[in-house]
$ cat protein.cif   # mmCIF, C-alpha atoms and all ligand atoms
data_data
loop_
_atom_site.label_atom_id
_atom_site.label_comp_id
_atom_site.auth_asym_id
_atom_site.auth_seq_id
_atom_site.Cartn_x
_atom_site.Cartn_y
_atom_site.Cartn_z
CA MET A 826 22.37 -68.62 -129.63
CA LEU A 827 22.17 -68.41 -125.82
CA GLU A 828 24.09 -65.92 -123.79
CA LEU A 829 24.02 -65.49 -120.02
CA ARG A 830 25.46 -62.18 -118.90
CA ASP A 831 26.52 -61.83 -115.29
CA LEU A 832 23.42 -63.68 -114.18
CA THR A 833 22.59 -63.57 -110.47
CA VAL A 834 19.47 -65.42 -109.31
CA LYS A 835 17.59 -65.84 -106.06
CA ILE A 836 14.98 -68.29 -104.87
CA ASP A 837 13.13 -67.64 -101.62
CA GLY A 838 15.63 -64.90 -100.82
CA HIS A 839 18.54 -67.34 -101.20
CA VAL A 840 21.19 -66.64 -103.88
CA VAL A 841 21.54 -69.76 -106.06
CA LEU A 842 23.51 -68.36 -109.00
CA LYS A 843 26.22 -65.70 -108.85
CA ASN A 844 27.46 -63.74 -111.87
CA VAL A 845 27.15 -66.65 -114.28
CA ASN A 846 28.44 -66.00 -117.80
CA LEU A 847 27.89 -68.46 -120.61
CA ASN A 848 27.86 -68.20 -124.40
CA ILE A 849 26.50 -71.11 -126.41
CA LYS A 850 26.78 -70.77 -130.16
CA GLN A 851 24.77 -72.52 -132.85
CA GLY A 852 25.53 -76.24 -133.02
CA GLN A 853 27.65 -76.23 -129.87
CA VAL A 854 27.43 -78.70 -127.01
CA HIS A 855 28.22 -77.32 -123.56
CA VAL A 856 28.38 -79.50 -120.46
CA ILE A 857 27.85 -78.16 -116.96
CA MET A 858 29.20 -80.34 -114.17
CA GLY A 859 28.87 -79.76 -110.47
CA PRO A 860 28.18 -81.53 -107.18
CA ASN A 861 24.71 -81.84 -105.62
CA GLY A 862 23.26 -78.48 -104.64
CA ALA A 863 25.64 -76.53 -106.91
CA GLY A 864 22.76 -74.73 -108.63
CA LYS A 865 22.66 -76.76 -111.86
CA SER A 866 18.90 -77.31 -111.91
CA SER A 867 18.37 -73.72 -110.78
CA LEU A 868 20.34 -72.61 -113.84
CA ALA A 869 18.23 -74.80 -116.14
CA LEU A 870 14.94 -73.62 -114.63
CA THR A 871 16.02 -69.96 -114.70
CA ILE A 872 16.92 -70.14 -118.40
CA MET A 873 13.57 -71.77 -119.13
CA GLY A 874 11.67 -69.15 -117.09
CA HIS A 875 10.45 -70.90 -113.93
CA PRO A 876 8.64 -68.08 -112.07
CA ASP A 877 10.12 -68.95 -108.64
CA TYR A 878 13.63 -68.07 -109.79
CA LYS A 879 14.11 -64.30 -109.65
CA VAL A 880 16.81 -62.74 -111.84
CA VAL A 881 18.37 -60.17 -109.50
CA SER A 882 20.87 -58.85 -112.04
CA GLY A 883 22.30 -59.73 -115.42
CA ASP A 884 20.49 -60.95 -118.51
CA ILE A 885 19.49 -64.00 -120.54
CA LEU A 886 19.75 -63.52 -124.30
CA PHE A 887 18.40 -65.96 -126.84
CA GLU A 888 19.33 -65.21 -130.45
CA ASN A 889 20.51 -61.77 -129.27
CA GLU A 890 17.20 -60.85 -127.65
CA SER A 891 16.59 -60.63 -123.92
CA VAL A 892 14.10 -63.29 -122.80
CA LYS A 893 14.37 -62.73 -119.06
CA GLN A 894 10.92 -61.09 -118.83
CA LEU A 895 9.17 -63.73 -120.96
CA PRO A 896 7.04 -66.52 -119.50
CA ALA A 897 8.25 -70.09 -120.05
CA PHE A 898 5.80 -70.86 -122.88
CA GLU A 899 7.07 -67.90 -124.91
CA ARG A 900 10.66 -69.01 -124.40
CA ALA A 901 9.58 -72.46 -125.62
CA ARG A 902 7.99 -70.87 -128.68
CA LYS A 903 11.30 -69.18 -129.47
CA GLY A 904 13.04 -72.57 -129.46
CA LEU A 905 14.17 -73.24 -125.89
CA PHE A 906 13.52 -76.66 -124.38
CA LEU A 907 14.18 -78.25 -121.00
CA ALA A 908 14.27 -81.95 -120.20
CA PHE A 909 13.58 -81.91 -116.46
CA GLN A 910 15.77 -83.67 -113.93
CA THR A 911 12.51 -84.73 -112.25
CA PRO A 912 9.80 -84.71 -114.93
CA PRO A 913 6.43 -83.64 -113.49
CA GLU A 914 3.42 -85.96 -113.46
CA ILE A 915 0.32 -84.53 -115.12
CA GLU A 916 -2.93 -86.31 -114.42
CA GLY A 917 -5.34 -86.51 -117.35
CA VAL A 918 -2.91 -85.27 -120.00
CA SER A 919 -1.17 -87.89 -122.12
CA LEU A 920 2.22 -87.53 -123.77
CA THR A 921 0.46 -87.76 -127.16
CA THR A 922 -1.96 -84.94 -126.32
CA MET A 923 0.76 -82.76 -124.86
CA LEU A 924 3.02 -83.19 -127.87
CA ARG A 925 0.17 -82.57 -130.30
CA HIS A 926 -0.71 -79.29 -128.58
CA SER A 927 2.93 -78.28 -128.19
CA LEU A 928 3.55 -78.77 -131.91
CA LYS A 929 0.40 -76.82 -132.76
CA SER A 930 1.49 -73.92 -130.58
CA LEU A 931 4.90 -73.99 -132.29
CA ASN A 932 3.15 -74.03 -135.70
CA LYS A 933 4.94 -77.31 -136.44
CA TYR A 934 1.99 -79.73 -136.33
CA PRO A 935 2.15 -81.82 -139.50
CA GLY A 936 -1.43 -83.15 -139.37
CA TYR A 937 -2.81 -86.14 -137.46
CA LYS A 938 -1.58 -89.01 -139.64
CA GLN A 939 1.96 -87.77 -140.04
CA PHE A 940 2.15 -86.81 -136.37
CA MET A 941 1.11 -90.30 -135.24
CA GLN A 942 3.60 -91.90 -137.64
CA GLU A 943 6.41 -89.68 -136.38
CA LEU A 944 5.44 -90.33 -132.74
CA ASP A 945 5.52 -94.09 -133.30
CA LYS A 946 8.84 -93.93 -135.10
CA GLN A 947 10.57 -91.79 -132.50
CA ALA A 948 9.07 -93.73 -129.55
CA MET A 949 10.63 -96.83 -131.06
CA LEU A 950 13.96 -95.03 -131.38
CA VAL A 951 14.05 -94.14 -127.67
CA ASN A 952 12.48 -97.51 -126.81
CA LEU A 953 9.47 -96.05 -125.03
CA SER A 954 6.58 -98.50 -124.87
CA LYS A 955 3.66 -97.42 -127.08
CA LYS A 956 1.17 -98.11 -124.31
CA LEU A 957 2.66 -95.23 -122.27
CA LEU A 958 1.94 -92.69 -125.01
CA GLY A 959 -1.76 -92.54 -124.19
CA LYS A 960 -1.45 -92.63 -120.39
CA SER A 961 -1.37 -89.67 -118.00
CA LEU A 962 2.02 -88.04 -118.44
CA ASN A 963 4.70 -89.65 -116.28
CA GLN A 964 2.14 -91.19 -113.91
CA GLY A 965 3.33 -94.64 -112.93
CA PHE A 966 6.33 -94.29 -115.29
CA SER A 967 9.62 -95.71 -113.99
CA GLY A 968 12.61 -93.37 -113.66
CA GLY A 969 14.02 -94.56 -116.99
CA GLU A 970 10.63 -94.25 -118.73
CA LYS A 971 10.33 -90.63 -117.57
CA LYS A 972 13.74 -89.87 -119.07
CA ARG A 973 12.80 -91.63 -122.33
CA SER A 974 9.61 -89.58 -122.40
CA GLU A 975 11.72 -86.40 -122.12
CA LEU A 976 13.88 -87.64 -125.00
CA LEU A 977 10.81 -88.32 -127.11
CA GLN A 978 9.65 -84.73 -126.50
CA LEU A 979 13.10 -83.50 -127.53
CA LEU A 980 12.92 -85.48 -130.78
CA LEU A 981 9.42 -84.37 -131.70
CA LEU A 982 9.82 -80.69 -130.80
CA ASN A 983 13.36 -80.42 -132.23
CA PRO A 984 14.20 -77.17 -130.37
CA LYS A 985 17.01 -74.80 -131.33
CA LEU A 986 18.50 -75.13 -127.85
CA ALA A 987 17.94 -78.15 -125.61
CA ILE A 988 18.81 -78.09 -121.93
CA LEU A 989 19.11 -81.61 -120.58
CA ASP A 990 19.15 -81.79 -116.78
CA GLU A 991 20.72 -85.09 -115.71
CA ILE A 992 19.23 -86.89 -118.70
CA ASP A 993 21.84 -89.62 -118.21
CA SER A 994 20.74 -90.69 -114.73
CA GLY A 995 18.48 -93.70 -114.92
CA LEU A 996 19.17 -94.43 -118.59
CA ASP A 997 20.50 -97.84 -119.58
CA VAL A 998 23.26 -98.38 -122.14
CA ASP A 999 20.85 -98.76 -125.07
CA ALA A 1000 19.14 -95.48 -124.24
CA LEU A 1001 22.53 -93.78 -123.85
CA LYS A 1002 23.43 -94.99 -127.35
CA ALA A 1003 20.18 -93.54 -128.67
CA LEU A 1004 21.09 -90.32 -126.88
CA SER A 1005 24.46 -90.32 -128.61
CA ASN A 1006 22.72 -90.52 -132.02
CA ILE A 1007 20.41 -87.68 -130.99
CA PHE A 1008 23.41 -85.49 -130.13
CA ARG A 1009 25.04 -86.29 -133.46
CA ALA A 1010 21.90 -85.46 -135.44
CA ARG A 1011 21.43 -82.21 -133.52
CA LYS A 1012 25.00 -81.15 -134.22
CA GLN A 1013 24.50 -81.83 -137.94
CA ALA A 1014 21.38 -79.69 -137.87
CA SER A 1015 23.26 -76.86 -136.05
CA ARG A 1016 21.08 -77.25 -132.97
CA SER A 1017 22.66 -76.50 -129.60
CA CYS A 1018 22.71 -78.49 -126.35
CA LEU A 1019 23.37 -77.63 -122.72
CA ILE A 1020 23.96 -80.87 -120.87
CA ILE A 1021 23.84 -80.85 -117.08
CA THR A 1022 25.36 -83.75 -115.22
CA HIS A 1023 27.41 -84.77 -112.26
CA TYR A 1024 28.90 -87.80 -113.94
CA SER A 1025 31.47 -87.67 -116.71
CA ARG A 1026 29.98 -90.91 -118.08
CA ILE A 1027 27.86 -89.01 -120.61
CA LEU A 1028 31.07 -87.83 -122.26
CA ASN A 1029 31.48 -91.33 -123.65
CA TYR A 1030 28.39 -90.56 -125.73
CA VAL A 1031 28.94 -86.95 -126.78
CA LYS A 1032 31.92 -84.76 -127.58
CA PRO A 1033 31.42 -81.38 -125.92
CA ASP A 1034 32.77 -78.09 -127.23
CA PHE A 1035 33.04 -76.77 -123.68
CA VAL A 1036 32.85 -78.12 -120.13
CA HIS A 1037 32.07 -75.79 -117.22
CA VAL A 1038 32.30 -76.49 -113.51
CA LEU A 1039 29.52 -75.00 -111.38
CA ILE A 1040 30.00 -74.94 -107.61
CA ASN A 1041 28.01 -72.91 -105.06
CA GLY A 1042 26.24 -71.09 -107.89
CA GLU A 1043 29.45 -69.93 -109.57
CA ILE A 1044 31.31 -71.12 -112.65
CA LYS A 1045 34.71 -71.99 -111.21
CA ALA A 1046 36.37 -73.33 -114.36
CA SER A 1047 35.76 -73.78 -118.08
CA GLY A 1048 37.65 -75.95 -120.53
CA ASP A 1049 37.28 -78.88 -122.88
CA GLU A 1050 36.59 -82.54 -122.17
CA HIS A 1051 39.93 -82.85 -120.34
CA LEU A 1052 38.35 -80.85 -117.55
CA ALA A 1053 35.72 -83.56 -117.16
CA ARG A 1054 38.43 -86.25 -116.97
CA LYS A 1055 40.18 -84.20 -114.30
CA ILE A 1056 36.97 -84.05 -112.29
CA GLU A 1057 36.58 -87.80 -112.62
CA GLU A 1058 40.09 -88.32 -111.26
CA GLN A 1059 40.24 -85.65 -108.58
CA GLY A 1060 36.62 -84.73 -107.79
CA PHE A 1061 35.18 -81.24 -107.35
CA LYS A 1062 37.27 -80.35 -104.29
CA GLN A 1063 40.16 -79.08 -106.45
CA PHE A 1064 38.00 -76.11 -107.50
CA LEU A 1065 37.25 -74.99 -103.95
CA LYS A 1066 40.76 -73.74 -103.22
N1 LIG A 1101 12.64 -73.93 -103.91
C1 LIG A 1101 13.79 -73.66 -103.26
N2 LIG A 1101 13.82 -72.90 -102.17
C2 LIG A 1101 14.98 -72.63 -101.53
N3 LIG A 1101 16.17 -73.11 -101.91
C3 LIG A 1101 16.19 -73.87 -103.00
C4 LIG A 1101 15.03 -74.20 -103.74
N4 LIG A 1101 15.38 -74.97 -104.79
C5 LIG A 1101 16.70 -75.13 -104.69
N5 LIG A 1101 17.19 -74.49 -103.62
C6 LIG A 1101 18.59 -74.45 -103.18
O1 LIG A 1101 19.38 -74.02 -104.26
C7 LIG A 1101 20.61 -74.71 -104.28
C8 LIG A 1101 20.84 -75.31 -105.62
O2 LIG A 1101 19.90 -76.34 -105.90
P1 LIG A 1101 19.83 -77.06 -107.32
O3 LIG A 1101 19.82 -76.02 -108.36
O4 LIG A 1101 18.69 -78.02 -107.29
O5 LIG A 1101 21.22 -77.84 -107.34
P2 LIG A 1101 21.75 -79.03 -108.28
O6 LIG A 1101 20.80 -79.21 -109.40
O7 LIG A 1101 23.10 -78.60 -108.71
O8 LIG A 1101 21.86 -80.25 -107.41
C9 LIG A 1101 20.57 -75.73 -103.15
O9 LIG A 1101 21.28 -75.21 -102.05
C10 LIG A 1101 19.10 -75.85 -102.87
O10 LIG A 1101 18.89 -76.17 -101.50
MG MG A 1102 19.76 -80.79 -110.12
#

$ encode --input "protein.cif" --output "structure tokens"
Amino acid sequence: MLELRDLTVKIDGHVVLKNVNLNIKQGQVHVIMGPNGAGKSSLALTIMGHPDYKVVSGDILFENESVKQLPAFERARKGLFLAFQTPPEIEGVSLTTMLRHSLKSLNKYPGYKQFMQELDKQAMLVNLSKKLLGKSLNQGFSGGEKKRSELLQLLLLNPKLAILDEIDSGLDVDALKALSNIFRARKQASRSCLIITHYSRILNYVKPDFVHVLINGEIKASGDEHLARKIEEQGFKQFLK
């Protein structure tokens, strides 16, 4: 579904990703772990098409087609989605309005009544207060509310591939349990996930197919969930040798 081939990326002349290779198949869950500044968010933003991140060499393939020249909205149309580590605040645009327009541009808008019903139902599922749905996006939202708002977007848009950048930070146990159900449902529907984190805690809520360690912009190791346990016990230093 998503393939990164020897991807090298610069921002402001500074190399943030070096020869990254990754192959995420339909229905798979991949976890990327790495310390602060490793390049995890850069990877997420590059896949999604943030214009500041310049692909110096290599390619990004989504469903066997290169998307590296496409603007972010076209990647989103193809079924890519990013839950931001730091969700942006957008004055004057509510979550409801944004989701309505997003669904329309994806040709998935079910009509006003059904949309509002679905929005209410899913907001309840992620425990996001209804009064936030009509307010300016993320403005005045707490850290946890911003993450729940990202989860609500994930549920409504139901993308083929979801990249979740530190979705677990700031979520309480109830929200993590909701997240666990979301992962299960996505797996059943053969939808893929790329989970970015620096804690192995999220692995109590999802069983990954692969775990990768990203340090200084490079993938230093790949394995299964045992790799995450090893990181928990011994930290990231073991990969620097
Ligand atoms: N806009 C930017 N300009 C220059 N350097 C940046 C910019 N954004 C990120 N970086 C650098 O890229 C590296 C990786 O950052 P980031 O991808 O945010 O790491 P992580 O998400 O793993 O904590 C860091 O060294 C950071 O300082
Ligand atoms: Mg980050």

$ residues_near_ligand --input "protein.cif" --ligand "ligand LIG 1101 (chain A)" --cutoff "10 Å" --atoms "only C-alpha atoms and all ligand atoms" --output "compact mmCIF listing (two decimals) with C-alpha atoms, keeping the file's coordinate frame"
# COMPACT_ATOMS: atom_id res chain seq x y z
CA VAL A 834 19.47 -65.42 -109.31
CA LYS A 835 17.59 -65.84 -106.06
CA ILE A 836 14.98 -68.29 -104.87
CA ASP A 837 13.13 -67.64 -101.62
CA GLY A 838 15.63 -64.90 -100.82
CA HIS A 839 18.54 -67.34 -101.20
CA VAL A 840 21.19 -66.64 -103.88
CA VAL A 841 21.54 -69.76 -106.06
CA LEU A 842 23.51 -68.36 -109.00
CA ILE A 857 27.85 -78.16 -116.96
CA MET A 858 29.20 -80.34 -114.17
CA GLY A 859 28.87 -79.76 -110.47
CA PRO A 860 28.18 -81.53 -107.18
CA ASN A 861 24.71 -81.84 -105.62
CA GLY A 862 23.26 -78.48 -104.64
CA ALA A 863 25.64 -76.53 -106.91
CA GLY A 864 22.76 -74.73 -108.63
CA LYS A 865 22.66 -76.76 -111.86
CA SER A 866 18.90 -77.31 -111.91
CA SER A 867 18.37 -73.72 -110.78
CA LEU A 868 20.34 -72.61 -113.84
CA ALA A 869 18.23 -74.80 -116.14
CA LEU A 870 14.94 -73.62 -114.63
CA THR A 871 16.02 -69.96 -114.70
CA ASP A 877 10.12 -68.95 -108.64
CA TYR A 878 13.63 -68.07 -109.79
CA GLN A 910 15.77 -83.67 -113.93
CA ASP A 990 19.15 -81.79 -116.78
CA GLU A 991 20.72 -85.09 -115.71
CA ILE A 1021 23.84 -80.85 -117.08
CA THR A 1022 25.36 -83.75 -115.22
CA HIS A 1023 27.41 -84.77 -112.26
CA LEU A 1039 29.52 -75.00 -111.38
CA ILE A 1040 30.00 -74.94 -107.61
CA ASN A 1041 28.01 -72.91 -105.06
CA GLY A 1042 26.24 -71.09 -107.89

$ closest_residue --input "protein.cif" --among "A:Lys893, A:Lys946, A:His855, A:Arg902" --to "Arg1016 in chain A" --atoms "all atoms listed in the file"
A:His855

$ atom_distance --input "protein.cif" --atom1 "CA of Gln851 in chain A" --atom2 "CA of Glu888 in chain A"
9.4 Å

$ residues_around --input "protein.cif" --residues "range 975-984 of chain A" --least-positions-apart "4" --cutoff "6 Å" --atoms "all atoms listed in the file" --output "JSON, numbers by chain"
{"A": [904, 905, 908]}

$ closest_residue --input "protein.cif" --among "A:Ile992, A:Phe906, A:Glu828, A:Lys938" --to "ligand MG 1102 (chain A)" --atoms "only C-alpha atoms and all ligand atoms"
A:Ile992

$ residues_around --input "protein.cif" --residues "range 939-942 of chain A" --least-positions-apart "6" --cutoff "10 Å" --atoms "all atoms listed in the file" --output "number ranges by chain"
A: 921, 924-925, 928, 933, 948, 981

$ closest_residue --input "protein.cif" --among "A:Thr911, A:Val880, A:Phe1064, A:Val951" --to "ligand MG 1102 (chain A)" --atoms "all atoms listed in the file"
A:Thr911

$ closest_residue --input "protein.cif" --among "A:Cys1018, A:Ile872, A:Leu1001, A:Leu989" --to "ligand MG 1102 (chain A)" --atoms "all atoms listed in the file"
A:Leu989

$ closest_residue --input "protein.cif" --among "A:Ile1020, A:Leu931, A:Ala1053, A:Val998" --to "ligand MG 1102 (chain A)" --atoms "all atoms listed in the file"
A:Ile1020

$ closest_residue --input "protein.cif" --among "A:Asn1029, A:Ser927, A:Gln1063, A:Gln947" --to "Phe898 in chain A" --atoms "only C-alpha atoms"
A:Ser927

$ atom_distance --input "protein.cif" --atom1 "CA of Ile849 in chain A" --atom2 "CA of Ala901 in chain A"
17.0 Å

$ atom_distance --input "protein.cif" --atom1 "CA of Leu895 in chain A" --atom2 "CA of His875 in chain A"
10.1 Å

$ decode --input "protein.cif" --residues "range 1011-1033 of chain A" --atoms "N, CA and C atoms" --output "mmCIF file, in the first residue's frame"
data_model
loop_
_atom_site.group_PDB
_atom_site.id
_atom_site.type_symbol
_atom_site.label_atom_id
_atom_site.label_comp_id
_atom_site.auth_asym_id
_atom_site.auth_seq_id
_atom_site.Cartn_x
_atom_site.Cartn_y
_atom_site.Cartn_z
ATOM 1 N N ARG A 1011 -9.928 -1.175 11.982
ATOM 2 C CA ARG A 1011 -9.176 -0.866 10.754
ATOM 3 C C ARG A 1011 -8.538 -2.130 10.189
ATOM 4 N N LYS A 1012 -8.005 -2.949 11.076
ATOM 5 C CA LYS A 1012 -7.379 -4.200 10.632
ATOM 6 C C LYS A 1012 -8.413 -5.069 9.914
ATOM 7 N N GLN A 1013 -9.598 -5.176 10.525
ATOM 8 C CA GLN A 1013 -10.676 -5.985 9.925
ATOM 9 C C GLN A 1013 -11.065 -5.477 8.547
ATOM 10 N N ALA A 1014 -10.965 -4.157 8.380
ATOM 11 C CA ALA A 1014 -11.336 -3.555 7.098
ATOM 12 C C ALA A 1014 -10.145 -3.458 6.132
ATOM 13 N N SER A 1015 -9.019 -4.132 6.509
ATOM 14 C CA SER A 1015 -7.802 -4.124 5.670
ATOM 15 C C SER A 1015 -7.245 -2.723 5.435
ATOM 16 N N ARG A 1016 -7.408 -1.862 6.418
ATOM 17 C CA ARG A 1016 -6.838 -0.511 6.352
ATOM 18 C C ARG A 1016 -5.508 -0.534 7.108
ATOM 19 N N SER A 1017 -4.548 0.243 6.623
ATOM 20 C CA SER A 1017 -3.202 0.193 7.206
ATOM 21 C C SER A 1017 -2.954 1.360 8.166
ATOM 22 N N CYS A 1018 -1.998 1.146 9.085
ATOM 23 C CA CYS A 1018 -1.634 2.199 10.039
ATOM 24 C C CYS A 1018 -0.123 2.299 10.186
ATOM 25 N N LEU A 1019 0.359 3.529 10.238
ATOM 26 C CA LEU A 1019 1.751 3.796 10.599
ATOM 27 C C LEU A 1019 1.704 4.605 11.887
ATOM 28 N N ILE A 1020 2.134 3.971 12.958
ATOM 29 C CA ILE A 1020 2.039 4.598 14.279
ATOM 30 C C ILE A 1020 3.423 5.095 14.688
ATOM 31 N N ILE A 1021 3.508 6.363 15.016
ATOM 32 C CA ILE A 1021 4.778 6.958 15.424
ATOM 33 C C ILE A 1021 4.718 7.268 16.907
ATOM 34 N N THR A 1022 5.740 6.827 17.621
ATOM 35 C CA THR A 1022 5.699 7.010 19.073
ATOM 36 C C THR A 1022 7.093 6.975 19.657
ATOM 37 N N HIS A 1023 7.270 7.502 20.863
ATOM 38 C CA HIS A 1023 8.521 7.188 21.528
ATOM 39 C C HIS A 1023 8.309 6.374 22.803
ATOM 40 N N TYR A 1024 7.060 6.029 23.043
ATOM 41 C CA TYR A 1024 6.762 5.147 24.177
ATOM 42 C C TYR A 1024 6.290 3.789 23.663
ATOM 43 N N SER A 1025 6.647 2.729 24.361
ATOM 44 C CA SER A 1025 6.119 1.436 23.941
ATOM 45 C C SER A 1025 4.731 1.185 24.531
ATOM 46 N N ARG A 1026 4.241 2.139 25.348
ATOM 47 C CA ARG A 1026 2.946 1.972 25.990
ATOM 48 C C ARG A 1026 1.820 1.656 25.006
ATOM 49 N N ILE A 1027 1.868 2.263 23.835
ATOM 50 C CA ILE A 1027 0.783 2.064 22.855
ATOM 51 C C ILE A 1027 0.668 0.599 22.434
ATOM 52 N N LEU A 1028 1.771 -0.146 22.618
ATOM 53 C CA LEU A 1028 1.744 -1.555 22.216
ATOM 54 C C LEU A 1028 0.874 -2.412 23.137
ATOM 55 N N ASN A 1029 0.439 -1.830 24.243
ATOM 56 C CA ASN A 1029 -0.560 -2.526 25.057
ATOM 57 C C ASN A 1029 -1.938 -2.453 24.398
ATOM 58 N N TYR A 1030 -2.072 -1.580 23.402
ATOM 59 C CA TYR A 1030 -3.377 -1.340 22.794
ATOM 60 C C TYR A 1030 -3.449 -1.762 21.332
ATOM 61 N N VAL A 1031 -2.317 -2.163 20.764
ATOM 62 C CA VAL A 1031 -2.314 -2.596 19.367
ATOM 63 C C VAL A 1031 -1.194 -3.615 19.170
ATOM 64 N N LYS A 1032 -1.462 -4.601 18.319
ATOM 65 C CA LYS A 1032 -0.414 -5.571 18.021
ATOM 66 C C LYS A 1032 0.177 -5.242 16.654
ATOM 67 N N PRO A 1033 1.412 -4.774 16.624
ATOM 68 C CA PRO A 1033 1.991 -4.358 15.343
ATOM 69 C C PRO A 1033 2.489 -5.546 14.532
#
